[in-house]
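Student: Handing over start_17.pdb, PDB, C-alpha atoms.
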ATOM      1  CA  MET A   1      56.610 136.074  93.126  1.00  0.00           C
ATOM      2  CA  LEU A   2      57.095 139.598  94.441  1.00  0.00           C
ATOM      3  CA  ALA A   3      53.730 139.504  96.199  1.00  0.00           C
ATOM      4  CA  ALA A   4      54.700 136.450  98.214  1.00  0.00           C
ATOM      5  CA  ARG A   5      57.981 137.869  99.494  1.00  0.00           C
ATOM      6  CA  SER A   6      57.828 141.634  99.594  1.00  0.00           C
ATOM      7  CA  ALA A   7      57.644 143.094 103.075  1.00  0.00           C
ATOM      8  CA  ARG A   8      58.870 146.413 101.692  1.00  0.00           C
ATOM      9  CA  VAL A   9      56.549 149.333 101.186  1.00  0.00           C
ATOM     10  CA  VAL A  10      56.752 152.606  99.332  1.00  0.00           C
ATOM     11  CA  ALA A  11      57.061 155.467 101.798  1.00  0.00           C
ATOM     12  CA  LEU A  12      54.819 158.510 101.589  1.00  0.00           C
ATOM     13  CA  GLY A  13      56.546 161.816 101.080  1.00  0.00           C
ATOM     14  CA  GLU A  14      59.354 160.365  98.975  1.00  0.00           C
ATOM     15  CA  THR A  15      59.613 160.126  95.208  1.00  0.00           C
ATOM     16  CA  VAL A  16      57.995 156.865  94.166  1.00  0.00           C
ATOM     17  CA  GLY A  17      60.167 155.881  91.193  1.00  0.00           C
ATOM     18  CA  PRO A  18      63.500 155.587  93.018  1.00  0.00           C
ATOM     19  CA  GLN A  19      61.840 153.596  95.807  1.00  0.00           C
ATOM     20  CA  VAL A  20      60.352 151.076  93.389  1.00  0.00           C
ATOM     21  CA  TYR A  21      63.753 150.725  91.723  1.00  0.00           C
ATOM     22  CA  ARG A  22      65.543 150.208  95.059  1.00  0.00           C
ATOM     23  CA  ILE A  23      63.029 147.604  96.219  1.00  0.00           C
ATOM     24  CA  LEU A  24      63.292 145.546  93.045  1.00  0.00           C
ATOM     25  CA  ARG A  25      67.073 145.922  92.840  1.00  0.00           C
ATOM     26  CA  GLU A  26      67.488 144.769  96.433  1.00  0.00           C
ATOM     27  CA  GLN A  27      65.283 141.732  95.902  1.00  0.00           C
ATOM     28  CA  ILE A  28      67.233 140.703  92.802  1.00  0.00           C
ATOM     29  CA  ILE A  29      70.615 141.204  94.452  1.00  0.00           C
ATOM     30  CA  GLN A  30      69.509 139.253  97.535  1.00  0.00           C
ATOM     31  CA  ALA A  31      68.222 136.380  95.365  1.00  0.00           C
ATOM     32  CA  GLU A  32      64.646 136.903  96.510  1.00  0.00           C
ATOM     33  CA  LEU A  33      63.731 137.395  92.868  1.00  0.00           C
ATOM     34  CA  LEU A  34      65.547 134.608  91.041  1.00  0.00           C
ATOM     35  CA  PRO A  35      66.917 134.417  87.488  1.00  0.00           C
ATOM     36  CA  GLY A  36      64.200 133.475  85.046  1.00  0.00           C
ATOM     37  CA  GLU A  37      61.387 134.926  87.141  1.00  0.00           C
ATOM     38  CA  ARG A  38      58.930 136.993  85.134  1.00  0.00           C
ATOM     39  CA  LEU A  39      57.821 140.384  86.420  1.00  0.00           C
ATOM     40  CA  SER A  40      54.871 142.369  85.138  1.00  0.00           C
ATOM     41  CA  GLU A  41      54.276 146.073  85.521  1.00  0.00           C
ATOM     42  CA  SER A  42      50.722 145.511  86.687  1.00  0.00           C
ATOM     43  CA  ASP A  43      51.624 142.897  89.324  1.00  0.00           C
ATOM     44  CA  VAL A  44      54.465 144.946  90.793  1.00  0.00           C
ATOM     45  CA  ALA A  45      52.341 148.094  90.767  1.00  0.00           C
ATOM     46  CA  LYS A  46      49.564 146.255  92.617  1.00  0.00           C
ATOM     47  CA  VAL A  47      51.865 144.778  95.261  1.00  0.00           C
ATOM     48  CA  LEU A  48      53.558 148.127  95.952  1.00  0.00           C
ATOM     49  CA  SER A  49      50.343 150.149  95.594  1.00  0.00           C
ATOM     50  CA  VAL A  50      51.775 152.461  92.951  1.00  0.00           C
ATOM     51  CA  SER A  51      50.925 153.305  89.356  1.00  0.00           C
ATOM     52  CA  ARG A  52      52.530 151.442  86.467  1.00  0.00           C
ATOM     53  CA  GLN A  53      54.661 154.392  85.320  1.00  0.00           C
ATOM     54  CA  PRO A  54      57.286 154.255  88.130  1.00  0.00           C
ATOM     55  CA  VAL A  55      57.435 150.462  87.724  1.00  0.00           C
ATOM     56  CA  ARG A  56      58.093 150.873  84.004  1.00  0.00           C
ATOM     57  CA  GLU A  57      60.861 153.382  84.768  1.00  0.00           C
ATOM     58  CA  ALA A  58      62.376 151.008  87.348  1.00  0.00           C
ATOM     59  CA  PHE A  59      62.393 148.154  84.830  1.00  0.00           C
ATOM     60  CA  ILE A  60      64.268 150.337  82.333  1.00  0.00           C
ATOM     61  CA  LYS A  61      66.896 151.284  84.921  1.00  0.00           C
ATOM     62  CA  LEU A  62      67.291 147.672  86.057  1.00  0.00           C
ATOM     63  CA  SER A  63      67.683 146.649  82.425  1.00  0.00           C
ATOM     64  CA  GLU A  64      70.503 149.167  82.015  1.00  0.00           C
ATOM     65  CA  GLU A  65      72.256 147.495  84.948  1.00  0.00           C
ATOM     66  CA  GLY A  66      71.811 144.060  83.390  1.00  0.00           C
ATOM     67  CA  LEU A  67      69.515 142.820  86.150  1.00  0.00           C
ATOM     68  CA  VAL A  68      66.460 142.237  83.949  1.00  0.00           C
ATOM     69  CA  HIS A  69      65.586 141.718  80.295  1.00  0.00           C
ATOM     70  CA  VAL A  70      62.648 143.791  79.134  1.00  0.00           C
ATOM     71  CA  LEU A  71      60.876 141.853  76.384  1.00  0.00           C
ATOM     72  CA  PRO A  72      58.199 143.835  74.506  1.00  0.00           C
ATOM     73  CA  GLN A  73      54.795 142.148  74.721  1.00  0.00           C
ATOM     74  CA  ARG A  74      56.316 139.303  76.757  1.00  0.00           C
ATOM     75  CA  GLY A  75      57.144 140.873  80.111  1.00  0.00           C
ATOM     76  CA  THR A  76      60.311 141.455  82.085  1.00  0.00           C
ATOM     77  CA  ILE A  77      62.583 138.600  83.172  1.00  0.00           C
ATOM     78  CA  VAL A  78      65.246 138.580  85.897  1.00  0.00           C
ATOM     79  CA  THR A  79      68.628 137.811  84.339  1.00  0.00           C
ATOM     80  CA  LYS A  80      71.189 135.288  85.445  1.00  0.00           C
ATOM     81  CA  ILE A  81      74.384 136.538  87.048  1.00  0.00           C
ATOM     82  CA  SER A  82      76.961 137.349  84.393  1.00  0.00           C
ATOM     83  CA  VAL A  83      80.347 135.977  85.427  1.00  0.00           C
ATOM     84  CA  ALA A  84      82.050 138.072  82.747  1.00  0.00           C
ATOM     85  CA  SER A  85      80.372 141.222  84.075  1.00  0.00           C
ATOM     86  CA  VAL A  86      81.416 140.420  87.645  1.00  0.00           C
ATOM     87  CA  MET A  87      85.050 140.032  86.598  1.00  0.00           C
ATOM     88  CA  ASN A  88      85.052 143.189  84.481  1.00  0.00           C
ATOM     89  CA  VAL A  89      83.468 145.335  87.167  1.00  0.00           C
ATOM     90  CA  ARG A  90      85.779 143.981  89.868  1.00  0.00           C
ATOM     91  CA  PHE A  91      88.771 145.008  87.743  1.00  0.00           C
ATOM     92  CA  VAL A  92      87.416 148.521  87.183  1.00  0.00           C
ATOM     93  CA  ARG A  93      86.399 148.925  90.808  1.00  0.00           C
ATOM     94  CA  GLU A  94      89.841 147.919  92.075  1.00  0.00           C
ATOM     95  CA  ALA A  95      91.551 150.386  89.744  1.00  0.00           C
ATOM     96  CA  ILE A  96      89.342 153.273  90.869  1.00  0.00           C
ATOM     97  CA  GLU A  97      89.393 152.503  94.591  1.00  0.00           C
ATOM     98  CA  ALA A  98      93.151 151.938  94.641  1.00  0.00           C
ATOM     99  CA  ASP A  99      93.616 155.559  93.610  1.00  0.00           C
ATOM    100  CA  ILE A 100      90.952 156.680  96.066  1.00  0.00           C
ATOM    101  CA  VAL A 101      92.585 155.026  99.068  1.00  0.00           C
ATOM    102  CA  ARG A 102      96.006 156.438  98.160  1.00  0.00           C
ATOM    103  CA  LEU A 103      94.522 159.943  98.220  1.00  0.00           C
ATOM    104  CA  VAL A 104      92.850 159.287 101.575  1.00  0.00           C
ATOM    105  CA  ALA A 105      96.089 157.896 103.044  1.00  0.00           C
ATOM    106  CA  ASP A 106      98.013 160.884 101.736  1.00  0.00           C
ATOM    107  CA  ARG A 107      95.653 163.185 103.603  1.00  0.00           C
ATOM    108  CA  HIS A 108      95.142 160.864 106.633  1.00  0.00           C
ATOM    109  CA  GLU A 109      92.694 163.301 108.163  1.00  0.00           C
ATOM    110  CA  THR A 110      91.682 162.686 111.760  1.00  0.00           C
ATOM    111  CA  ASP A 111      87.956 163.123 111.150  1.00  0.00           C
ATOM    112  CA  THR A 112      87.984 160.572 108.341  1.00  0.00           C
ATOM    113  CA  ILE A 113      89.921 158.024 110.366  1.00  0.00           C
ATOM    114  CA  THR A 114      87.606 158.490 113.349  1.00  0.00           C
ATOM    115  CA  GLU A 115      84.540 157.993 111.173  1.00  0.00           C
ATOM    116  CA  LEU A 116      85.965 154.883 109.501  1.00  0.00           C
ATOM    117  CA  ARG A 117      86.829 153.351 112.863  1.00  0.00           C
ATOM    118  CA  ARG A 118      83.306 154.149 114.101  1.00  0.00           C
ATOM    119  CA  GLN A 119      81.892 152.328 111.089  1.00  0.00           C
ATOM    120  CA  ILE A 120      84.078 149.298 111.747  1.00  0.00           C
ATOM    121  CA  ALA A 121      82.784 149.213 115.324  1.00  0.00           C
ATOM    122  CA  GLU A 122      79.246 149.163 113.914  1.00  0.00           C
ATOM    123  CA  GLN A 123      80.182 146.353 111.521  1.00  0.00           C
ATOM    124  CA  LYS A 124      81.338 144.251 114.466  1.00  0.00           C
ATOM    125  CA  LYS A 125      77.935 144.636 116.129  1.00  0.00           C
ATOM    126  CA  VAL A 126      75.967 143.244 113.187  1.00  0.00           C
ATOM    127  CA  PRO A 127      74.606 139.720 113.763  1.00  0.00           C
ATOM    128  CA  HIS A 128      76.488 137.409 111.436  1.00  0.00           C
ATOM    129  CA  ASP A 129      73.288 136.077 109.933  1.00  0.00           C
ATOM    130  CA  ASP A 130      72.252 139.576 108.812  1.00  0.00           C
ATOM    131  CA  ARG A 131      74.087 139.784 105.518  1.00  0.00           C
ATOM    132  CA  SER A 132      72.031 142.725 104.300  1.00  0.00           C
ATOM    133  CA  ALA A 133      72.959 144.905 107.276  1.00  0.00           C
ATOM    134  CA  PHE A 134      76.644 144.086 106.979  1.00  0.00           C
ATOM    135  CA  LEU A 135      76.760 144.767 103.256  1.00  0.00           C
ATOM    136  CA  ARG A 136      75.030 148.126 103.755  1.00  0.00           C
ATOM    137  CA  LEU A 137      77.772 149.072 106.217  1.00  0.00           C
ATOM    138  CA  ASP A 138      80.415 147.779 103.817  1.00  0.00           C
ATOM    139  CA  GLU A 139      78.941 150.019 101.113  1.00  0.00           C
ATOM    140  CA  LEU A 140      79.041 152.972 103.501  1.00  0.00           C
ATOM    141  CA  PHE A 141      82.708 152.269 104.283  1.00  0.00           C
ATOM    142  CA  HIS A 142      83.713 152.414 100.615  1.00  0.00           C
ATOM    143  CA  HIS A 143      81.481 155.414  99.933  1.00  0.00           C
ATOM    144  CA  THR A 144      83.117 157.222 102.847  1.00  0.00           C
ATOM    145  CA  LEU A 145      86.570 156.574 101.376  1.00  0.00           C
ATOM    146  CA  ALA A 146      85.499 158.105  98.059  1.00  0.00           C
ATOM    147  CA  ALA A 147      83.973 161.126  99.788  1.00  0.00           C
ATOM    148  CA  ALA A 148      87.129 161.588 101.887  1.00  0.00           C
ATOM    149  CA  ALA A 149      89.171 161.610  98.692  1.00  0.00           C
ATOM    150  CA  GLY A 150      86.962 164.404  97.415  1.00  0.00           C
ATOM    151  CA  ASN A 151      85.635 162.167  94.676  1.00  0.00           C
ATOM    152  CA  ALA A 152      82.117 161.033  95.495  1.00  0.00           C
ATOM    153  CA  TYR A 153      81.524 160.963  91.733  1.00  0.00           C
ATOM    154  CA  ALA A 154      83.923 158.014  91.425  1.00  0.00           C
ATOM    155  CA  TRP A 155      81.737 156.039  93.824  1.00  0.00           C
ATOM    156  CA  SER A 156      78.628 156.932  91.831  1.00  0.00           C
ATOM    157  CA  VAL A 157      80.327 155.489  88.749  1.00  0.00           C
ATOM    158  CA  ILE A 158      81.122 152.271  90.623  1.00  0.00           C
ATOM    159  CA  GLU A 159      77.552 152.063  91.937  1.00  0.00           C
ATOM    160  CA  SER A 160      76.138 152.363  88.439  1.00  0.00           C
ATOM    161  CA  VAL A 161      77.940 149.240  87.162  1.00  0.00           C
ATOM    162  CA  LYS A 162      78.438 146.911  90.111  1.00  0.00           C
ATOM    163  CA  ALA A 163      75.011 145.252  90.370  1.00  0.00           C
ATOM    164  CA  GLN A 164      76.190 141.827  89.170  1.00  0.00           C
ATOM    165  CA  MET A 165      79.125 141.964  91.579  1.00  0.00           C
ATOM    166  CA  ASP A 166      76.730 142.803  94.425  1.00  0.00           C
ATOM    167  CA  ARG A 167      74.707 139.656  93.676  1.00  0.00           C
ATOM    168  CA  VAL A 168      77.803 137.495  94.160  1.00  0.00           C
ATOM    169  CA  ARG A 169      78.873 139.394  97.269  1.00  0.00           C
ATOM    170  CA  PHE A 170      75.495 138.781  98.897  1.00  0.00           C
ATOM    171  CA  LEU A 171      75.738 135.052  98.200  1.00  0.00           C
ATOM    172  CA  SER A 172      79.325 134.843  99.444  1.00  0.00           C
ATOM    173  CA  VAL A 173      79.042 136.588 102.808  1.00  0.00           C
ATOM    174  CA  ASP A 174      79.043 134.208 105.776  1.00  0.00           C
ATOM    175  CA  ASP A 175      80.360 134.253 109.339  1.00  0.00           C
ATOM    176  CA  MET A 176      83.975 133.575 108.434  1.00  0.00           C
ATOM    177  CA  GLN A 177      84.026 136.032 105.569  1.00  0.00           C
ATOM    178  CA  ILE A 178      82.437 138.808 107.593  1.00  0.00           C
ATOM    179  CA  ASN A 179      85.244 138.523 110.144  1.00  0.00           C
ATOM    180  CA  ARG A 180      87.820 138.499 107.364  1.00  0.00           C
ATOM    181  CA  LEU A 181      86.309 141.538 105.664  1.00  0.00           C
ATOM    182  CA  ILE A 182      86.259 143.484 108.922  1.00  0.00           C
ATOM    183  CA  ASP A 183      89.911 142.613 109.515  1.00  0.00           C
ATOM    184  CA  GLN A 184      90.694 143.891 106.031  1.00  0.00           C
ATOM    185  CA  HIS A 185      88.804 147.119 106.702  1.00  0.00           C
ATOM    186  CA  GLU A 186      90.898 147.587 109.840  1.00  0.00           C
ATOM    187  CA  ARG A 187      94.132 147.082 107.891  1.00  0.00           C
ATOM    188  CA  ILE A 188      93.012 149.672 105.361  1.00  0.00           C
ATOM    189  CA  VAL A 189      92.251 152.217 108.083  1.00  0.00           C
ATOM    190  CA  ASP A 190      95.469 151.474 109.970  1.00  0.00           C
ATOM    191  CA  ALA A 191      97.455 152.183 106.812  1.00  0.00           C
ATOM    192  CA  ILE A 192      95.506 155.395 106.233  1.00  0.00           C
ATOM    193  CA  ALA A 193      96.147 156.482 109.818  1.00  0.00           C
ATOM    194  CA  ALA A 194      99.861 155.854 109.292  1.00  0.00           C
ATOM    195  CA  GLY A 195      99.836 157.855 106.076  1.00  0.00           C
ATOM    196  CA  ASP A 196     101.195 154.801 104.258  1.00  0.00           C
ATOM    197  CA  LYS A 197      99.766 155.048 100.728  1.00  0.00           C
ATOM    198  CA  THR A 198     101.406 151.844  99.509  1.00  0.00           C
ATOM    199  CA  ALA A 199     100.136 149.749 102.421  1.00  0.00           C
ATOM    200  CA  ALA A 200      96.657 151.265 102.098  1.00  0.00           C
ATOM    201  CA  GLU A 201      96.514 150.437  98.403  1.00  0.00           C
ATOM    202  CA  GLU A 202      97.777 146.892  98.971  1.00  0.00           C
ATOM    203  CA  ALA A 203      95.205 146.291 101.712  1.00  0.00           C
ATOM    204  CA  LEU A 204      92.418 147.677  99.537  1.00  0.00           C
ATOM    205  CA  ARG A 205      93.395 145.530  96.567  1.00  0.00           C
ATOM    206  CA  GLN A 206      93.499 142.401  98.724  1.00  0.00           C
ATOM    207  CA  HIS A 207      90.064 143.299 100.088  1.00  0.00           C
ATOM    208  CA  LEU A 208      88.485 143.649  96.659  1.00  0.00           C
ATOM    209  CA  ARG A 209      90.088 140.426  95.426  1.00  0.00           C
ATOM    210  CA  GLU A 210      88.153 138.322  97.951  1.00  0.00           C
ATOM    211  CA  ILE A 211      85.513 137.770  95.310  1.00  0.00           C
ATOM    212  CA  LEU A 212      88.064 135.990  93.107  1.00  0.00           C
ATOM    213  CA  ASN A 213      88.256 133.281  95.770  1.00  0.00           C
ATOM    214  CA  SER A 214      84.522 132.958  96.364  1.00  0.00           C
ATOM    215  CA  LEU A 215      83.152 133.314  92.829  1.00  0.00           C
ATOM    216  CA  PRO A 216      84.161 129.902  91.391  1.00  0.00           C
ATOM    217  CA  GLU A 217      82.774 128.003  94.388  1.00  0.00           C
ATOM    218  CA  ILE A 218      79.506 129.959  94.402  1.00  0.00           C
ATOM    219  CA  ALA A 219      79.076 129.532  90.648  1.00  0.00           C
ATOM    220  CA  ARG A 220      79.405 125.772  91.096  1.00  0.00           C
ATOM    221  CA  ALA A 221      77.141 125.561  94.132  1.00  0.00           C
ATOM    222  CA  ARG A 222      74.439 127.829  92.690  1.00  0.00           C
ATOM    223  CA  ALA A 223      74.885 127.081  88.989  1.00  0.00           C
ATOM    224  CA  GLU A 224      71.212 127.818  88.312  1.00  0.00           C
ATOM    225  CA  LEU A 225      71.837 131.513  89.121  1.00  0.00           C
ATOM    226  CA  PHE A 226      74.735 131.990  86.695  1.00  0.00           C
ATOM    227  CA  ASP A 227      74.947 132.370  82.950  1.00  0.00           C
ATOM    228  CA  GLY A 228      78.041 130.133  82.751  1.00  0.00           C
ATOM    229  CA  ALA A 229      79.916 132.521  80.540  1.00  0.00           C
ATOM    230  CA  GLY A 230      83.368 133.989  81.041  1.00  0.00           C
TER     231      GLY A 230
END
How does the structure come out when it is put into structure tokens?

Tutor:
Amino acid sequence: MLAARSARVVALGETVGPQVYRILREQIIQAELLPGERLSESDVAKVLSVSRQPVREAFIKLSEEGLVHVLPQRGTIVTKISVASVMNVRFVREAIEADIVRLVADRHETDTITELRRQIAEQKKVPHDDRSAFLRLDELFHHTLAAAAGNAYAWSVIESVKAQMDRVRFLSVDDMQINRLIDQHERIVDAIAAGDKTAAEEALRQHLREILNSLPEIARARAELFDGAG
């Protein structure tokens, strides 16, 4: 239950609704709230010390992302991971980010390259058992690429649909993969620094295809989390 695991609190001075949404989304993606678990507006509101309205709004937004099913009169249930959704979103994300990284490589601006290399240095400092911290930095890396291409909107589109993919990425990250992902980030930045659009795109595509290797194994090992479709 949320009450047993939530160490997160709603901060004063910030809008409540988005915080409630972020807390619940993070717990679902990090498999703290498992598929099949039932959530109630009243319980979540009590644990987070908020009214039921922002919880209701968070449930609706999570439902739009496919993370929960809202069942009238029966409560809200955490969904299983949709394999079909993961594959579809990965395809769309690769197509969008391939164009993004080509634009960034074409510009190969010094400030962007410096910032990306700074982020990679931060990634290397993260303890390898802190998957959450690494994935936050990974998100920042890709967001920075989109912003450098002058298309932050493209990243917002990716963010709005990639929740199921994020659930698999959290489960798949381990010591060996973190090192591999950092190496891939470095290859992307090296290609950008060289102004090599083709190499940058190839490195980016290889990076985003890592999930194709990890997904089948994770789906077998954690079958209870997956819907089995697609």

Student: Determine the residue set returned by the PyMOL selection byres ((chain A and resi 205) around 12) for the present structure, and present it as an MDAnalysis selection string.

Tutor: chainID A and resid 90:102 184:185 187:188 198:204 206:212

Student: To one decimal place in Å, what is the distance between CA of Glu41 in chain A and CA of Val89 in chain A?

Tutor: 29.2 Å

Student: Please evaluate the PyMOL selection byres ((chain A and resi 173) around 10) against the displayed coordinates and give the resulting residues as a ChimeraX atom specification.

Tutor: /A:128-132,134-135,168-172,174-179,181,211,214

Student: Per residue of range 61-167 of chain A within 12 Å of range 15-21 of chain A, record the nearest atom pair and its distance in Å to one decimal, counting all atoms listed in the file, with rows in chain order and ascending residue number, as JSON lines.

Tutor:
{"residue": "A:Lys61", "atom": "CA", "partner": "A:Tyr21", "partner_atom": "CA", "distance": 7.5}
{"residue": "A:Leu62", "atom": "CA", "partner": "A:Tyr21", "partner_atom": "CA", "distance": 7.3}
{"residue": "A:Ser63", "atom": "CA", "partner": "A:Tyr21", "partner_atom": "CA", "distance": 10.9}
{"residue": "A:Glu64", "atom": "CA", "partner": "A:Tyr21", "partner_atom": "CA", "distance": 11.9}
{"residue": "A:Glu65", "atom": "CA", "partner": "A:Tyr21", "partner_atom": "CA", "distance": 11.3}
{"residue": "A:Leu67", "atom": "CA", "partner": "A:Tyr21", "partner_atom": "CA", "distance": 11.3}
{"residue": "A:Val68", "atom": "CA", "partner": "A:Tyr21", "partner_atom": "CA", "distance": 11.8}

Student: Between CA of Gln73 in chain A and CA of Val10 in chain A, what is the distance, to one decimal in Å?

Tutor: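 Separating CA of Gln73 in chain A from CA of Val10 in chain A is a distance of 26.8 Å.
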
Student: Tell me, counting all atoms listed in the file, for each residue of range 129-177 of chain A within 12 Å of range 189-195 of chain A, which pair of atoms is nearest and how far apart they are in Å to one decimal, in rows ordered by chain and increasing number, as a tab-separated table.

Tutor:
residue	atom	partner	partner_atom	distance
A:Phe141	CA	A:Val189	CA	10.3
A:His142	CA	A:Val189	CA	11.3
A:Thr144	CA	A:Val189	CA	11.7
A:Leu145	CA	A:Val189	CA	9.8
A:Ala148	CA	A:Ile192	CA	11.3
A:Ala149	CA	A:Ile192	CA	11.6

Student: So, counting all atoms listed in the file, which residue among A:Glu186, A:Leu39, A:Ile113, A:Gly66 is closest to Ile81 in chain A?

Tutor: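 Comparing A:Glu186, A:Leu39, A:Ile113, A:Gly66 against Ile81 in chain A, the winner is A:Gly66.
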
Student: Just how far from CA of Leu140 in chain A is CA of Glu14 in chain A, in Å to one decimal?

Tutor: 21.5 Å

Student: Pick out the closest residue to Gln164 in chain A from this set: A:Ser85, A:Glu224, A:Glu115, A:Val44. Count all atoms listed in the file.

Tutor: A:Ser85

Student: Give the answer as one residue: which of A:Gln27, A:Val126, A:Ala221, A:Ser40 has the shortest atom-to-atom distance to Arg52 in chain A, using all atoms listed in the file?

Tutor: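 For Arg52 in chain A, the nearest of the candidates is A:Ser40.
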
Student: Taking all atoms listed in the file into account, which of A:Val55, A:Val83, A:Val70, A:Val50 comes nearest Arg167 in chain A?

Tutor: A:Val83

Student: Nearest to Leu34 in chain A: which of A:Ile60, A:Met165, A:Val78, A:Ala11 is it, counting all atoms listed in the file?

Tutor: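 Residue with the minimum atom-to-atom distance to Leu34 in chain A: A:Val78.
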
Student: Of the candidates A:His69, A:Ser42, A:Glu139, A:Val47, which one gets nearest to Asp166 in chain A if we count all atoms listed in the file?

Tutor: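 Result for the nearest residue to Asp166 in chain A: A:Glu139.
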
Student: Translate the PyMOL selection byres ((chain A and resi 106) around 8), as applied to the file shown, into an explicit residue set as a PyMOL selection string.

Tutor: chain A and resi 102-105+107-108+192+195-197

Student: With N, CA, C and O atoms as the goal, would you fill in the gaps in range 36-47 of chain A and present it as a compact mmCIF listing (two decimals), in the frame of the given file?

Tutor:
# COMPACT_ATOMS: atom_id res chain seq x y z
N GLY A 36 65.27 134.15 85.77
CA GLY A 36 64.20 133.48 85.05
C GLY A 36 62.81 133.87 85.50
O GLY A 36 61.83 133.59 84.81
N GLU A 37 62.71 134.51 86.68
CA GLU A 37 61.39 134.93 87.14
C GLU A 37 60.86 136.06 86.27
O GLU A 37 61.58 136.97 85.88
N ARG A 38 59.58 136.00 85.98
CA ARG A 38 58.93 136.99 85.13
C ARG A 38 58.22 138.03 86.01
O ARG A 38 57.49 137.68 86.93
N LEU A 39 58.45 139.29 85.70
CA LEU A 39 57.82 140.38 86.42
C LEU A 39 56.90 141.14 85.46
O LEU A 39 57.25 141.33 84.30
N SER A 40 55.77 141.56 85.97
CA SER A 40 54.87 142.37 85.14
C SER A 40 54.65 143.71 85.80
O SER A 40 54.63 143.81 87.04
N GLU A 41 54.52 144.74 84.99
CA GLU A 41 54.28 146.07 85.52
C GLU A 41 53.04 146.10 86.41
O GLU A 41 53.05 146.68 87.50
N SER A 42 51.98 145.46 85.95
CA SER A 42 50.72 145.51 86.69
C SER A 42 50.82 144.80 88.04
O SER A 42 50.33 145.30 89.05
N ASP A 43 51.50 143.63 88.07
CA ASP A 43 51.62 142.90 89.32
C ASP A 43 52.46 143.67 90.34
O ASP A 43 52.11 143.77 91.53
N VAL A 44 53.61 144.20 89.89
CA VAL A 44 54.46 144.95 90.79
C VAL A 44 53.75 146.20 91.29
O VAL A 44 53.80 146.54 92.48
N ALA A 45 53.08 146.89 90.38
CA ALA A 45 52.34 148.09 90.77
C ALA A 45 51.28 147.78 91.82
O ALA A 45 51.10 148.53 92.79
N LYS A 46 50.61 146.64 91.66
CA LYS A 46 49.56 146.26 92.62
C LYS A 46 50.15 145.94 93.98
O LYS A 46 49.64 146.38 95.02
N VAL A 47 51.24 145.17 93.99
CA VAL A 47 51.86 144.78 95.26
C VAL A 47 52.37 146.00 96.03
O VAL A 47 52.22 146.10 97.25
